[in-house]
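Presented below is the structure to which this report refers.
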Amino acid sequence: MSRDSVSRLPGTGLPPSASRRLAAVGRDPINLHRALGHAPALLAPVLDLIHALRFDAEVSRALRELMICRIAQIEDSAYELAHHLPMAAESGLDSEQLAALGRWREADCFSTPQRAVLGYADHLGAGAPRDDAALDACFSPVEQTELTVTGATYIALARMLRALEVRIDEGLSD
């Protein structure tokens with residue numbers, strides 16, 4: 001990996017179309033964006049999906065961040081955790097909850113909807129049995145779909161990050 005690269009691939013500039021998409025939602029580019037910049041036609045829909053999950057979902061931001069952080073743990077994605085643990089805290093999850101993610105089944109700090117999300121993350125990411133009754137009791141079909149797309153998207157992103165060996169952005173810890 002060269003010094004000017006953010007991944008195992010040579011460095012490349014961010015495509016203007018991606019810069020415009022990020023500016024439209026008030027975001028600065030991160031190393032994930034830069035790494036995917038080699039394929040602008042693929043980066044564009046990835047950004048659209050991530051932004052739809054972030055800005056257009058009915059499921060609360062806290063529950064989506066809980067899903068993302070649990071998926072990041074399952075996938076052993078230090079990059080995703082470095083980015084999303086602070087977002088999870090900003091969305092209202094407390095330090096006790098974030099510290100208990102890996103042992104959430106034994107922890108008593110999670111609400112019923114949070115436990116349903118964590119169980120579903122374990123289903124999506126690790127093949128644990130799915131608890132339809134818990135999901136149905138807490139979430140509408142729209143919300144279950146959003147949680148499914150959120151979990152599956154961040155599984156895919158974790159695997160892209162790993163395959164491309166994307167460096168954690170400066171200023172974030174792993």
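Identifiers for the structure tokens are assigned positionally: chains receive A, B, ... in sequence, residues are indexed from 1 per chain, and ligands are indexed from 1 in the order shown.
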
Could you list, as JSON, numbers by chain, every residue within 12 Å of Asp56 (chain A), counting only C-alpha atoms and ignoring same-chain residues fewer than 5 positions away?
{"A": [25, 48, 49, 50, 51, 61, 64, 142, 143, 146, 150]}

If we count only C-alpha atoms, what is near Ile30 (chain A) at a cut-off of 10 Å, once residues fewer than 6 positions away on the same chain are taken out, given as a PyMOL selection string?
chain A and resi 6+14+22+83+167-170

Pick from A:Ser77, A:Ala44, A:Arg54, A:Asn31, whichever lies nearest to Ala156 (chain A) using only C-alpha atoms:
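Using only C-alpha atoms, Ala156 (chain A) sits closest to A:Ser77.
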
Top pick for closest residue to Leu157 (chain A), considering A:Ala78, A:Leu172, A:Ala62, A:Leu9 and counting only C-alpha atoms:
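Of A:Ala78, A:Leu172, A:Ala62, A:Leu9, the one nearest Leu157 (chain A) is A:Ala78, counting only C-alpha atoms.
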
Hey, what's within 8 Å of Pro40 (chain A) if we count only C-alpha atoms and toss same-chain stuff fewer than 3 positions away? As a short mmCIF file (atom, residue, chain, number, x, y, z; two decimals) with N, CA, C and O atoms, in the first residue's frame, please?
data_model
loop_
_atom_site.label_atom_id
_atom_site.label_comp_id
_atom_site.auth_asym_id
_atom_site.auth_seq_id
_atom_site.Cartn_x
_atom_site.Cartn_y
_atom_site.Cartn_z
N PRO A 15 -14.36 11.01 -8.14
CA PRO A 15 -15.04 11.50 -9.33
C PRO A 15 -15.89 12.73 -9.01
O PRO A 15 -16.49 12.80 -7.93
N SER A 17 -18.79 13.53 -9.95
CA SER A 17 -20.18 13.17 -9.65
C SER A 17 -20.32 12.76 -8.18
O SER A 17 -21.32 13.09 -7.53
N ALA A 18 -19.34 12.05 -7.64
CA ALA A 18 -19.39 11.66 -6.23
C ALA A 18 -19.22 12.88 -5.33
O ALA A 18 -19.90 12.99 -4.30
N LEU A 36 -13.48 3.43 -3.56
CA LEU A 36 -14.42 3.03 -4.60
C LEU A 36 -14.39 3.98 -5.80
O LEU A 36 -15.05 3.72 -6.81
N GLY A 37 -13.61 5.05 -5.69
CA GLY A 37 -13.51 6.03 -6.77
C GLY A 37 -12.95 5.47 -8.06
O GLY A 37 -13.12 6.07 -9.12
N LEU A 43 -19.70 3.51 -7.64
CA LEU A 43 -19.73 4.35 -6.45
C LEU A 43 -21.03 5.13 -6.36
O LEU A 43 -21.61 5.25 -5.28
N ALA A 44 -21.54 5.61 -7.48
CA ALA A 44 -22.76 6.43 -7.47
C ALA A 44 -23.94 5.70 -6.83
O ALA A 44 -24.57 6.24 -5.91
#

CA of Val166 (chain A) and CA of Arg27 (chain A), how far apart in Å?
18.7 Å

Just give me the gap between CA of Cys138 (chain A) and CA of Asp76 (chain A) in Å, one decimal is fine.
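Atom-to-atom, CA of Cys138 (chain A) and CA of Asp76 (chain A) are spaced 27.6 Å apart.
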
So, with only C-alpha atoms as the atoms that count, which of A:Tyr79, A:Ala72, A:Arg21, A:Gly151 lies closest to Glu165 (chain A)?
A:Tyr79
